[in-house]
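S.K.: Take a look at the following structure, please.
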Amino acid sequence: QVQPVESGGGLVQAGGSLRLSCAASGRTSGRYHMAWFRQTPGKEREFVAAVSWSGGTTYYGDSVKGRFTISKEYAKNAVYLQMNSLKPEDTAVYYCAATLRWKYSGSYSLGGEYDYWGQGTQVTVSS
């Protein structure tokens with residue numbers, strides 16, 4: 001199994017940028033699809049972005065399309081989230097997740113599809 005570890009969170013002003021990183025330690029030889037989710041207190045976990053194991057296919061949640069970019073470094077099973085034009089509503093704990101298989105079309109956005117989760121990194125966007 002793998003253990004995702006996030007880094008790169010912090011405090012930024014609205015309109016600014018941050019880059020989150022997620023490195024997967026452990027059994028990194030597998031072909032893992034990876035994703036970012038976020039959550040704020042009292043709200044459900046929200047899908048942010050996902051990338052296929054090869055890095056060739058990406059998906060985004062509607063609220064971040066055009067502002068966030070997910071990318072993957074296959075050899076390291078590392079995934080990155082470049083966040084631009086940040087808004088206060090992007091404030092959340094961001095979690096990195098990994099899975100060997102998306103069970104069906106469109107399931108990349110479901111948290112239940114992912115077997116391995118990081119501890120999360122806080123992103124705070126001030127207005």
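Labels for the structure tokens follow display order: chains A, B, ..., residues from 1 in each chain, ligands from 1.
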Taking the DSSP secondary structure from the backbone, can you list the residues of chain A that are helix (DSSP H, G or I), as a list in words?
M.R.: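 Matching residues for helix (DSSP H, G or I) in chain A are Tyr74, Ala75, Lys76, Pro88, Glu89, Asp90, Ser107, Tyr108, Ser109, Gly111, Gly112 and Glu113 of chain A.
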S.K.: Store the residues picked out above, limited to N, CA and C atoms, as a PDB file, in the first residue's frame.
M.R.:
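The result, stored in out.pdb:
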ATOM      1  N   TYR A  74       4.680  10.354 -12.775  1.00  0.00           N
ATOM      2  CA  TYR A  74       4.441   8.921 -12.715  1.00  0.00           C
ATOM      3  C   TYR A  74       5.524   8.163 -11.954  1.00  0.00           C
ATOM      4  N   ALA A  75       6.793   8.466 -12.228  1.00  0.00           N
ATOM      5  CA  ALA A  75       7.889   7.699 -11.643  1.00  0.00           C
ATOM      6  C   ALA A  75       7.886   7.772 -10.117  1.00  0.00           C
ATOM      7  N   LYS A  76       7.378   8.869  -9.580  1.00  0.00           N
ATOM      8  CA  LYS A  76       7.382   9.075  -8.131  1.00  0.00           C
ATOM      9  C   LYS A  76       6.014   8.879  -7.507  1.00  0.00           C
ATOM     10  N   PRO A  88     -11.702  33.206  -1.353  1.00  0.00           N
ATOM     11  CA  PRO A  88     -11.923  32.819   0.051  1.00  0.00           C
ATOM     12  C   PRO A  88     -12.682  31.502   0.194  1.00  0.00           C
ATOM     13  N   GLU A  89     -13.573  31.220  -0.730  1.00  0.00           N
ATOM     14  CA  GLU A  89     -14.322  29.969  -0.653  1.00  0.00           C
ATOM     15  C   GLU A  89     -13.476  28.732  -0.974  1.00  0.00           C
ATOM     16  N   ASP A  90     -12.232  28.932  -1.388  1.00  0.00           N
ATOM     17  CA  ASP A  90     -11.321  27.800  -1.571  1.00  0.00           C
ATOM     18  C   ASP A  90     -10.677  27.376  -0.252  1.00  0.00           C
ATOM     19  N   SER A 107     -16.586   7.672 -11.599  1.00  0.00           N
ATOM     20  CA  SER A 107     -16.415   7.431 -10.164  1.00  0.00           C
ATOM     21  C   SER A 107     -15.168   8.083  -9.603  1.00  0.00           C
ATOM     22  N   TYR A 108     -14.382   8.717 -10.454  1.00  0.00           N
ATOM     23  CA  TYR A 108     -13.169   9.386  -9.977  1.00  0.00           C
ATOM     24  C   TYR A 108     -13.486  10.485  -8.968  1.00  0.00           C
ATOM     25  N   SER A 109     -14.704  10.995  -8.977  1.00  0.00           N
ATOM     26  CA  SER A 109     -15.068  12.091  -8.082  1.00  0.00           C
ATOM     27  C   SER A 109     -15.604  11.625  -6.727  1.00  0.00           C
ATOM     28  N   GLY A 111     -15.228   9.946  -3.110  1.00  0.00           N
ATOM     29  CA  GLY A 111     -14.215   9.642  -2.117  1.00  0.00           C
ATOM     30  C   GLY A 111     -14.089   8.161  -1.805  1.00  0.00           C
ATOM     31  N   GLY A 112     -15.208   7.452  -1.907  1.00  0.00           N
ATOM     32  CA  GLY A 112     -15.203   6.029  -1.614  1.00  0.00           C
ATOM     33  C   GLY A 112     -14.379   5.195  -2.577  1.00  0.00           C
ATOM     34  N   GLU A 113     -14.007   5.786  -3.715  1.00  0.00           N
ATOM     35  CA  GLU A 113     -13.202   5.063  -4.691  1.00  0.00           C
ATOM     36  C   GLU A 113     -11.736   4.978  -4.295  1.00  0.00           C
TER      37      GLU A 113
END
S.K.: Smallest atom-to-atom distance to Gly15 (chain A): which of A:Met83, A:Ala97, A:Ile70, A:Asp62, using only C-alpha atoms?
M.R.: A:Met83
S.K.: In region 6-112 of chain A, what's strand (DSSP E or B) per DSSP? Answer as a short mmCIF file (atom, residue, chain, number, x, y, z; two decimals) with all heavy atoms, in the first residue's frame?
M.R.:
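Output file states24.cif follows:
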data_model
loop_
_atom_site.label_atom_id
_atom_site.label_comp_id
_atom_site.auth_asym_id
_atom_site.auth_seq_id
_atom_site.Cartn_x
_atom_site.Cartn_y
_atom_site.Cartn_z
N GLU A 6 0.80 15.13 2.03
CA GLU A 6 0.60 16.43 1.40
C GLU A 6 1.55 17.48 1.98
O GLU A 6 1.96 17.39 3.13
CB GLU A 6 -0.84 16.93 1.59
CG GLU A 6 -1.92 15.98 1.14
CD GLU A 6 -2.45 15.12 2.26
OE1 GLU A 6 -1.73 14.94 3.26
OE2 GLU A 6 -3.59 14.63 2.15
N SER A 7 1.83 18.49 1.16
CA SER A 7 2.60 19.64 1.61
C SER A 7 2.23 20.83 0.72
O SER A 7 1.64 20.66 -0.34
CB SER A 7 4.10 19.38 1.55
OG SER A 7 4.51 19.11 0.22
N GLY A 10 -1.04 26.74 3.09
CA GLY A 10 -0.66 27.97 3.77
C GLY A 10 -1.71 29.03 3.65
O GLY A 10 -2.85 28.76 3.27
N LEU A 11 -1.30 30.26 3.95
CA LEU A 11 -2.19 31.41 3.92
C LEU A 11 -1.84 32.26 2.70
O LEU A 11 -0.66 32.57 2.47
CB LEU A 11 -2.03 32.23 5.20
CG LEU A 11 -2.77 33.56 5.27
CD1 LEU A 11 -4.28 33.33 5.24
CD2 LEU A 11 -2.36 34.33 6.54
N VAL A 12 -2.85 32.64 1.94
CA VAL A 12 -2.62 33.45 0.75
C VAL A 12 -3.79 34.42 0.59
O VAL A 12 -4.91 34.13 1.04
CB VAL A 12 -2.49 32.54 -0.50
CG1 VAL A 12 -3.78 31.79 -0.78
CG2 VAL A 12 -2.04 33.32 -1.71
N GLN A 13 -3.52 35.54 -0.04
CA GLN A 13 -4.59 36.51 -0.28
C GLN A 13 -5.41 36.09 -1.49
O GLN A 13 -4.92 35.39 -2.40
CB GLN A 13 -4.00 37.89 -0.50
CG GLN A 13 -3.45 38.54 0.76
CD GLN A 13 -3.09 40.01 0.54
OE1 GLN A 13 -2.72 40.40 -0.56
NE2 GLN A 13 -3.18 40.80 1.59
N LEU A 18 -1.15 29.08 -5.00
CA LEU A 18 -0.45 28.11 -4.15
C LEU A 18 -0.27 26.83 -4.95
O LEU A 18 -1.08 26.54 -5.85
CB LEU A 18 -1.24 27.78 -2.89
CG LEU A 18 -1.10 28.66 -1.66
CD1 LEU A 18 -2.03 28.16 -0.56
CD2 LEU A 18 0.32 28.73 -1.17
N ARG A 19 0.75 26.09 -4.62
CA ARG A 19 0.97 24.79 -5.26
C ARG A 19 1.07 23.72 -4.17
O ARG A 19 1.95 23.78 -3.32
CB ARG A 19 2.24 24.80 -6.10
CG ARG A 19 2.48 23.52 -6.89
CD ARG A 19 3.74 23.64 -7.70
NE ARG A 19 3.91 22.55 -8.66
CZ ARG A 19 4.92 21.69 -8.65
NH1 ARG A 19 5.85 21.80 -7.72
NH2 ARG A 19 5.01 20.75 -9.56
N LEU A 20 0.15 22.80 -4.22
CA LEU A 20 0.16 21.67 -3.29
C LEU A 20 0.90 20.50 -3.91
O LEU A 20 0.80 20.28 -5.13
CB LEU A 20 -1.25 21.25 -2.92
CG LEU A 20 -2.17 22.31 -2.33
CD1 LEU A 20 -3.51 21.69 -1.93
CD2 LEU A 20 -1.53 23.00 -1.14
N SER A 21 1.60 19.77 -3.07
CA SER A 21 2.30 18.57 -3.52
C SER A 21 1.83 17.39 -2.69
O SER A 21 1.47 17.53 -1.52
CB SER A 21 3.81 18.73 -3.36
OG SER A 21 4.29 19.81 -4.13
N CYS A 22 1.88 16.22 -3.31
CA CYS A 22 1.54 14.99 -2.60
C CYS A 22 2.51 13.91 -3.05
O CYS A 22 2.55 13.57 -4.23
CB CYS A 22 0.11 14.57 -2.89
SG CYS A 22 -0.35 12.97 -2.19
N ALA A 23 3.27 13.41 -2.11
CA ALA A 23 4.22 12.34 -2.41
C ALA A 23 3.70 11.06 -1.77
O ALA A 23 3.29 11.06 -0.61
CB ALA A 23 5.59 12.69 -1.86
N ALA A 24 3.72 10.00 -2.54
CA ALA A 24 3.24 8.71 -2.04
C ALA A 24 4.42 7.86 -1.62
O ALA A 24 5.25 7.50 -2.45
CB ALA A 24 2.42 8.00 -3.12
N SER A 25 4.47 7.53 -0.34
CA SER A 25 5.52 6.64 0.14
C SER A 25 4.98 5.22 0.25
O SER A 25 3.77 5.00 0.17
CB SER A 25 6.03 7.11 1.50
OG SER A 25 4.98 7.07 2.44
N GLY A 26 5.87 4.26 0.41
CA GLY A 26 5.42 2.87 0.52
C GLY A 26 5.57 2.17 -0.81
O GLY A 26 6.52 2.38 -1.55
N HIS A 33 -4.19 5.91 -9.64
CA HIS A 33 -4.91 7.15 -9.95
C HIS A 33 -4.89 7.99 -8.68
O HIS A 33 -5.00 7.45 -7.57
CB HIS A 33 -6.37 6.86 -10.31
CG HIS A 33 -6.55 5.91 -11.45
ND1 HIS A 33 -5.86 6.01 -12.62
CD2 HIS A 33 -7.38 4.84 -11.57
CE1 HIS A 33 -6.26 5.03 -13.44
NE2 HIS A 33 -7.17 4.30 -12.82
N MET A 34 -4.79 9.31 -8.84
CA MET A 34 -4.70 10.13 -7.65
C MET A 34 -5.65 11.33 -7.76
O MET A 34 -6.03 11.72 -8.88
CB MET A 34 -3.26 10.59 -7.43
CG MET A 34 -2.31 9.40 -7.24
SD MET A 34 -0.61 9.84 -6.90
CE MET A 34 -0.74 10.30 -5.17
N ALA A 35 -6.00 11.87 -6.62
CA ALA A 35 -6.99 12.94 -6.62
C ALA A 35 -6.78 13.87 -5.44
O ALA A 35 -6.10 13.53 -4.47
CB ALA A 35 -8.40 12.36 -6.57
N TRP A 36 -7.39 15.02 -5.54
CA TRP A 36 -7.46 15.98 -4.45
C TRP A 36 -8.92 16.20 -4.08
O TRP A 36 -9.77 16.38 -4.95
CB TRP A 36 -6.84 17.32 -4.84
CG TRP A 36 -5.36 17.29 -5.00
CD1 TRP A 36 -4.66 17.11 -6.15
CD2 TRP A 36 -4.38 17.45 -3.96
NE1 TRP A 36 -3.31 17.14 -5.91
CE2 TRP A 36 -3.11 17.37 -4.57
CE3 TRP A 36 -4.45 17.68 -2.59
CZ2 TRP A 36 -1.93 17.48 -3.84
CZ3 TRP A 36 -3.28 17.80 -1.87
CH2 TRP A 36 -2.04 17.70 -2.50
N PHE A 37 -9.19 16.18 -2.79
CA PHE A 37 -10.47 16.54 -2.24
C PHE A 37 -10.24 17.63 -1.21
O PHE A 37 -9.12 17.85 -0.76
CB PHE A 37 -11.12 15.32 -1.55
CG PHE A 37 -11.57 14.25 -2.50
CD1 PHE A 37 -10.67 13.34 -3.04
CD2 PHE A 37 -12.91 14.14 -2.86
CE1 PHE A 37 -11.09 12.35 -3.92
CE2 PHE A 37 -13.34 13.15 -3.73
CZ PHE A 37 -12.42 12.26 -4.26
N ARG A 38 -11.31 18.31 -0.85
CA ARG A 38 -11.19 19.32 0.20
C ARG A 38 -12.41 19.29 1.10
O ARG A 38 -13.49 18.82 0.70
CB ARG A 38 -10.99 20.71 -0.39
CG ARG A 38 -12.18 21.24 -1.18
CD ARG A 38 -11.80 22.56 -1.87
NE ARG A 38 -12.93 23.14 -2.59
CZ ARG A 38 -12.83 24.21 -3.37
NH1 ARG A 38 -11.66 24.82 -3.54
NH2 ARG A 38 -13.91 24.68 -3.98
N GLN A 39 -12.23 19.78 2.30
CA GLN A 39 -13.33 19.78 3.25
C GLN A 39 -13.20 20.93 4.22
O GLN A 39 -12.09 21.25 4.69
CB GLN A 39 -13.37 18.46 4.03
CG GLN A 39 -14.62 18.27 4.86
CD GLN A 39 -14.80 16.84 5.32
OE1 GLN A 39 -13.84 16.08 5.42
NE2 GLN A 39 -16.03 16.45 5.61
N GLU A 46 -15.52 17.61 -0.69
CA GLU A 46 -15.76 18.04 -2.07
C GLU A 46 -14.63 17.57 -2.97
O GLU A 46 -13.45 17.72 -2.66
CB GLU A 46 -15.85 19.58 -2.13
CG GLU A 46 -16.07 20.13 -3.53
CD GLU A 46 -16.00 21.65 -3.57
OE1 GLU A 46 -15.62 22.26 -2.57
OE2 GLU A 46 -16.32 22.23 -4.63
N PHE A 47 -15.01 17.02 -4.10
CA PHE A 47 -14.03 16.63 -5.12
C PHE A 47 -13.42 17.87 -5.76
O PHE A 47 -14.14 18.80 -6.15
CB PHE A 47 -14.71 15.77 -6.18
CG PHE A 47 -13.87 15.55 -7.41
CD1 PHE A 47 -12.77 14.72 -7.37
CD2 PHE A 47 -14.18 16.19 -8.61
CE1 PHE A 47 -11.99 14.51 -8.49
CE2 PHE A 47 -13.41 15.99 -9.74
CZ PHE A 47 -12.31 15.15 -9.68
N VAL A 48 -12.10 17.88 -5.89
CA VAL A 48 -11.41 19.01 -6.50
C VAL A 48 -10.88 18.64 -7.88
O VAL A 48 -11.19 19.30 -8.88
CB VAL A 48 -10.26 19.50 -5.60
CG1 VAL A 48 -9.48 20.62 -6.29
CG2 VAL A 48 -10.80 19.98 -4.25
N ALA A 49 -10.05 17.60 -7.94
CA ALA A 49 -9.44 17.21 -9.20
C ALA A 49 -8.90 15.79 -9.09
O ALA A 49 -8.62 15.32 -7.99
CB ALA A 49 -8.31 18.16 -9.58
N ALA A 50 -8.79 15.13 -10.24
CA ALA A 50 -8.23 13.78 -10.28
C ALA A 50 -7.38 13.62 -11.53
O ALA A 50 -7.59 14.32 -12.54
CB ALA A 50 -9.34 12.74 -10.27
N VAL A 51 -6.44 12.68 -11.45
CA VAL A 51 -5.56 12.42 -12.58
C VAL A 51 -5.35 10.92 -12.68
O VAL A 51 -5.23 10.22 -11.67
CB VAL A 51 -4.22 13.17 -12.42
CG1 VAL A 51 -3.49 12.76 -11.16
CG2 VAL A 51 -3.33 12.98 -13.63
N THR A 58 -7.18 14.06 -16.96
CA THR A 58 -7.47 14.84 -15.75
C THR A 58 -8.95 15.19 -15.68
O THR A 58 -9.63 15.28 -16.72
CB THR A 58 -6.64 16.13 -15.72
OG1 THR A 58 -6.91 16.90 -16.90
CG2 THR A 58 -5.15 15.83 -15.66
N TYR A 59 -9.43 15.39 -14.47
CA TYR A 59 -10.81 15.76 -14.23
C TYR A 59 -10.83 16.85 -13.15
O TYR A 59 -9.97 16.86 -12.26
CB TYR A 59 -11.62 14.57 -13.72
CG TYR A 59 -11.57 13.36 -14.62
CD1 TYR A 59 -10.67 12.33 -14.39
CD2 TYR A 59 -12.44 13.24 -15.71
CE1 TYR A 59 -10.63 11.21 -15.21
CE2 TYR A 59 -12.40 12.12 -16.53
CZ TYR A 59 -11.49 11.11 -16.28
OH TYR A 59 -11.45 10.02 -17.11
N TYR A 60 -11.84 17.72 -13.24
CA TYR A 60 -11.93 18.82 -12.29
C TYR A 60 -13.36 18.99 -11.79
O TYR A 60 -14.32 18.78 -12.53
CB TYR A 60 -11.47 20.12 -12.94
CG TYR A 60 -10.01 20.10 -13.32
CD1 TYR A 60 -9.61 19.72 -14.59
CD2 TYR A 60 -9.04 20.45 -12.39
CE1 TYR A 60 -8.26 19.68 -14.93
CE2 TYR A 60 -7.69 20.43 -12.72
CZ TYR A 60 -7.31 20.03 -13.99
OH TYR A 60 -5.98 20.00 -14.32
N PHE A 68 -7.56 25.76 -11.33
CA PHE A 68 -6.66 24.76 -10.75
C PHE A 68 -6.17 23.81 -11.84
O PHE A 68 -6.89 23.52 -12.80
CB PHE A 68 -7.37 23.92 -9.69
CG PHE A 68 -7.71 24.66 -8.42
CD1 PHE A 68 -7.61 26.04 -8.32
CD2 PHE A 68 -8.16 23.96 -7.31
CE1 PHE A 68 -7.94 26.71 -7.16
CE2 PHE A 68 -8.49 24.61 -6.13
CZ PHE A 68 -8.39 25.99 -6.06
N THR A 69 -4.94 23.33 -11.66
CA THR A 69 -4.38 22.35 -12.58
C THR A 69 -3.74 21.21 -11.80
O THR A 69 -2.90 21.46 -10.93
CB THR A 69 -3.32 22.99 -13.49
OG1 THR A 69 -3.90 24.08 -14.22
CG2 THR A 69 -2.78 21.97 -14.49
N ILE A 70 -4.15 19.99 -12.11
CA ILE A 70 -3.57 18.82 -11.47
C ILE A 70 -2.57 18.19 -12.43
O ILE A 70 -2.79 18.16 -13.65
CB ILE A 70 -4.66 17.81 -11.05
CG1 ILE A 70 -4.06 16.69 -10.19
CG2 ILE A 70 -5.38 17.24 -12.27
CD1 ILE A 70 -5.11 15.79 -9.55
N SER A 71 -1.47 17.72 -11.89
CA SER A 71 -0.47 17.04 -12.71
C SER A 71 0.15 15.91 -11.90
O SER A 71 0.08 15.90 -10.67
CB SER A 71 0.60 18.01 -13.19
OG SER A 71 1.25 18.62 -12.10
N LYS A 72 0.74 14.96 -12.60
CA LYS A 72 1.29 13.78 -11.93
C LYS A 72 2.67 13.44 -12.45
O LYS A 72 2.94 13.56 -13.65
CB LYS A 72 0.35 12.59 -12.15
CG LYS A 72 0.69 11.36 -11.32
CD LYS A 72 -0.39 10.30 -11.51
CE LYS A 72 -0.18 9.13 -10.55
NZ LYS A 72 0.98 8.32 -10.93
N GLU A 73 3.51 13.06 -11.53
CA GLU A 73 4.84 12.59 -11.89
C GLU A 73 4.84 11.08 -11.69
O GLU A 73 4.93 10.58 -10.56
CB GLU A 73 5.89 13.26 -11.00
CG GLU A 73 7.31 13.04 -11.46
CD GLU A 73 8.30 13.89 -10.68
OE1 GLU A 73 7.87 14.77 -9.91
OE2 GLU A 73 9.50 13.67 -10.84
N ALA A 78 3.82 10.95 -7.54
CA ALA A 78 3.59 12.24 -6.90
C ALA A 78 2.57 13.01 -7.72
O ALA A 78 2.51 12.90 -8.94
CB ALA A 78 4.88 13.04 -6.83
N VAL A 79 1.75 13.77 -7.04
CA VAL A 79 0.74 14.57 -7.72
C VAL A 79 0.79 16.00 -7.18
O VAL A 79 1.14 16.23 -6.01
CB VAL A 79 -0.67 13.96 -7.51
CG1 VAL A 79 -1.08 14.00 -6.04
CG2 VAL A 79 -1.70 14.65 -8.38
N TYR A 80 0.48 16.95 -8.05
CA TYR A 80 0.58 18.36 -7.72
C TYR A 80 -0.75 19.04 -8.04
O TYR A 80 -1.45 18.63 -8.97
CB TYR A 80 1.71 19.01 -8.50
CG TYR A 80 3.01 18.26 -8.35
CD1 TYR A 80 3.41 17.35 -9.32
CD2 TYR A 80 3.82 18.43 -7.22
CE1 TYR A 80 4.59 16.63 -9.17
CE2 TYR A 80 5.00 17.72 -7.08
CZ TYR A 80 5.39 16.82 -8.06
OH TYR A 80 6.55 16.11 -7.91
N LEU A 81 -1.04 20.08 -7.31
CA LEU A 81 -2.23 20.88 -7.58
C LEU A 81 -1.82 22.34 -7.60
O LEU A 81 -1.51 22.92 -6.56
CB LEU A 81 -3.31 20.64 -6.52
CG LEU A 81 -4.65 21.32 -6.82
CD1 LEU A 81 -5.32 20.67 -8.03
CD2 LEU A 81 -5.58 21.25 -5.60
N GLN A 82 -1.78 22.90 -8.80
CA GLN A 82 -1.49 24.32 -8.95
C GLN A 82 -2.80 25.08 -8.84
O GLN A 82 -3.71 24.86 -9.65
CB GLN A 82 -0.82 24.59 -10.30
CG GLN A 82 -0.54 26.05 -10.56
CD GLN A 82 0.50 26.62 -9.61
OE1 GLN A 82 1.51 25.98 -9.31
NE2 GLN A 82 0.26 27.82 -9.11
N MET A 83 -2.88 25.96 -7.87
CA MET A 83 -4.11 26.69 -7.60
C MET A 83 -3.88 28.17 -7.87
O MET A 83 -3.06 28.80 -7.19
CB MET A 83 -4.55 26.47 -6.16
CG MET A 83 -4.69 25.01 -5.78
SD MET A 83 -5.37 24.77 -4.12
CE MET A 83 -4.04 25.45 -3.13
N ALA A 92 -9.97 25.56 2.91
CA ALA A 92 -10.36 24.20 3.29
C ALA A 92 -9.10 23.42 3.66
O ALA A 92 -7.98 23.88 3.42
CB ALA A 92 -11.08 23.48 2.15
N VAL A 93 -9.32 22.24 4.20
CA VAL A 93 -8.24 21.27 4.32
C VAL A 93 -8.25 20.44 3.05
O VAL A 93 -9.30 19.91 2.67
CB VAL A 93 -8.41 20.36 5.55
CG1 VAL A 93 -7.31 19.30 5.59
CG2 VAL A 93 -8.40 21.20 6.82
N TYR A 94 -7.13 20.36 2.39
CA TYR A 94 -7.02 19.64 1.13
C TYR A 94 -6.37 18.29 1.39
O TYR A 94 -5.31 18.20 2.03
CB TYR A 94 -6.19 20.45 0.13
CG TYR A 94 -6.96 21.59 -0.47
CD1 TYR A 94 -7.31 22.70 0.30
CD2 TYR A 94 -7.39 21.56 -1.80
CE1 TYR A 94 -8.05 23.74 -0.23
CE2 TYR A 94 -8.12 22.60 -2.35
CZ TYR A 94 -8.44 23.69 -1.56
OH TYR A 94 -9.18 24.71 -2.09
N TYR A 95 -7.01 17.25 0.85
CA TYR A 95 -6.55 15.89 1.04
C TYR A 95 -6.15 15.26 -0.29
O TYR A 95 -6.85 15.42 -1.29
CB TYR A 95 -7.65 15.03 1.66
CG TYR A 95 -8.07 15.45 3.05
CD1 TYR A 95 -9.11 16.34 3.23
CD2 TYR A 95 -7.41 14.96 4.17
CE1 TYR A 95 -9.49 16.73 4.50
CE2 TYR A 95 -7.78 15.34 5.44
CZ TYR A 95 -8.82 16.23 5.60
OH TYR A 95 -9.20 16.62 6.87
N CYS A 96 -5.06 14.54 -0.25
CA CYS A 96 -4.61 13.76 -1.40
C CYS A 96 -5.05 12.31 -1.21
O CYS A 96 -5.01 11.78 -0.08
CB CYS A 96 -3.08 13.83 -1.48
SG CYS A 96 -2.34 12.85 -2.78
N ALA A 97 -5.48 11.69 -2.29
CA ALA A 97 -5.97 10.32 -2.21
C ALA A 97 -5.47 9.52 -3.41
O ALA A 97 -5.21 10.08 -4.47
CB ALA A 97 -7.50 10.31 -2.18
N ALA A 98 -5.37 8.21 -3.22
CA ALA A 98 -4.86 7.34 -4.27
C ALA A 98 -5.67 6.06 -4.35
O ALA A 98 -6.18 5.56 -3.35
CB ALA A 98 -3.38 7.01 -4.02
N THR A 99 -5.77 5.52 -5.56
CA THR A 99 -6.45 4.26 -5.77
C THR A 99 -5.86 3.57 -6.99
O THR A 99 -5.37 4.22 -7.90
CB THR A 99 -7.96 4.46 -5.98
OG1 THR A 99 -8.60 3.19 -6.11
CG2 THR A 99 -8.24 5.27 -7.24
#
S.K.: Might you pull out every residue within 8 Å of Leu86 (chain A), with only C-alpha atoms counted and same-chain residues fewer than 5 positions away left off, and present them as a ChimeraX atom specification?
M.R.: /A:13-17,67,125
S.K.: Emit the selected residues as a PDB file, in the first residue's frame, including N, CA, C and O atoms.
M.R.:
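That gives us out-v1.pdb:
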ATOM      1  N   GLN A  13      -3.525  35.536  -0.035  1.00  0.00           N
ATOM      2  CA  GLN A  13      -4.592  36.511  -0.280  1.00  0.00           C
ATOM      3  C   GLN A  13      -5.414  36.091  -1.493  1.00  0.00           C
ATOM      4  O   GLN A  13      -4.920  35.394  -2.402  1.00  0.00           O
ATOM      5  N   ALA A  14      -6.634  36.545  -1.516  1.00  0.00           N
ATOM      6  CA  ALA A  14      -7.499  36.282  -2.657  1.00  0.00           C
ATOM      7  C   ALA A  14      -6.829  36.774  -3.941  1.00  0.00           C
ATOM      8  O   ALA A  14      -6.227  37.850  -3.970  1.00  0.00           O
ATOM      9  N   GLY A  15      -6.938  35.955  -4.977  1.00  0.00           N
ATOM     10  CA  GLY A  15      -6.292  36.259  -6.241  1.00  0.00           C
ATOM     11  C   GLY A  15      -4.894  35.668  -6.371  1.00  0.00           C
ATOM     12  O   GLY A  15      -4.320  35.669  -7.466  1.00  0.00           O
ATOM     13  N   GLY A  16      -4.358  35.176  -5.277  1.00  0.00           N
ATOM     14  CA  GLY A  16      -3.020  34.614  -5.281  1.00  0.00           C
ATOM     15  C   GLY A  16      -2.994  33.167  -5.713  1.00  0.00           C
ATOM     16  O   GLY A  16      -4.008  32.594  -6.132  1.00  0.00           O
ATOM     17  N   SER A  17      -1.812  32.568  -5.577  1.00  0.00           N
ATOM     18  CA  SER A  17      -1.602  31.185  -6.028  1.00  0.00           C
ATOM     19  C   SER A  17      -0.897  30.376  -4.953  1.00  0.00           C
ATOM     20  O   SER A  17      -0.155  30.914  -4.123  1.00  0.00           O
ATOM     21  N   ARG A  67      -9.124  27.309 -13.024  1.00  0.00           N
ATOM     22  CA  ARG A  67      -8.262  27.966 -12.034  1.00  0.00           C
ATOM     23  C   ARG A  67      -7.204  27.009 -11.467  1.00  0.00           C
ATOM     24  O   ARG A  67      -6.095  27.427 -11.146  1.00  0.00           O
ATOM     25  N   VAL A 125      -7.497  31.227   2.374  1.00  0.00           N
ATOM     26  CA  VAL A 125      -7.475  32.350   1.441  1.00  0.00           C
ATOM     27  C   VAL A 125      -8.176  33.519   2.105  1.00  0.00           C
ATOM     28  O   VAL A 125      -9.374  33.444   2.419  1.00  0.00           O
TER      29      VAL A 125
END
S.K.: In Å, rounded to a single decimal, give me how far CA of Gly30 (chain A) is from CA of Val5 (chain A).
M.R.: 16.6 Å
S.K.: Under the rule that only C-alpha atoms are counted, which of A:Thr57, A:Ser105, A:Tyr32, A:Thr40 is the nearest residue to Gly120 (chain A)?
M.R.: A:Thr40
S.K.: Grab the CA of Ser54 (chain A) to CA of Gly8 (chain A) distance for me, in Å with one decimal place.
M.R.: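 According to the coordinates, CA of Ser54 (chain A) and CA of Gly8 (chain A) are separated by 22.9 Å.
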S.K.: Could you tell me which of A:Asn77, A:Gly106, A:Arg45, A:Pro4 comes closest to Gly118 (chain A) if we count only C-alpha atoms?
M.R.: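 Closest to Gly118 (chain A) of all the choices is A:Pro4.
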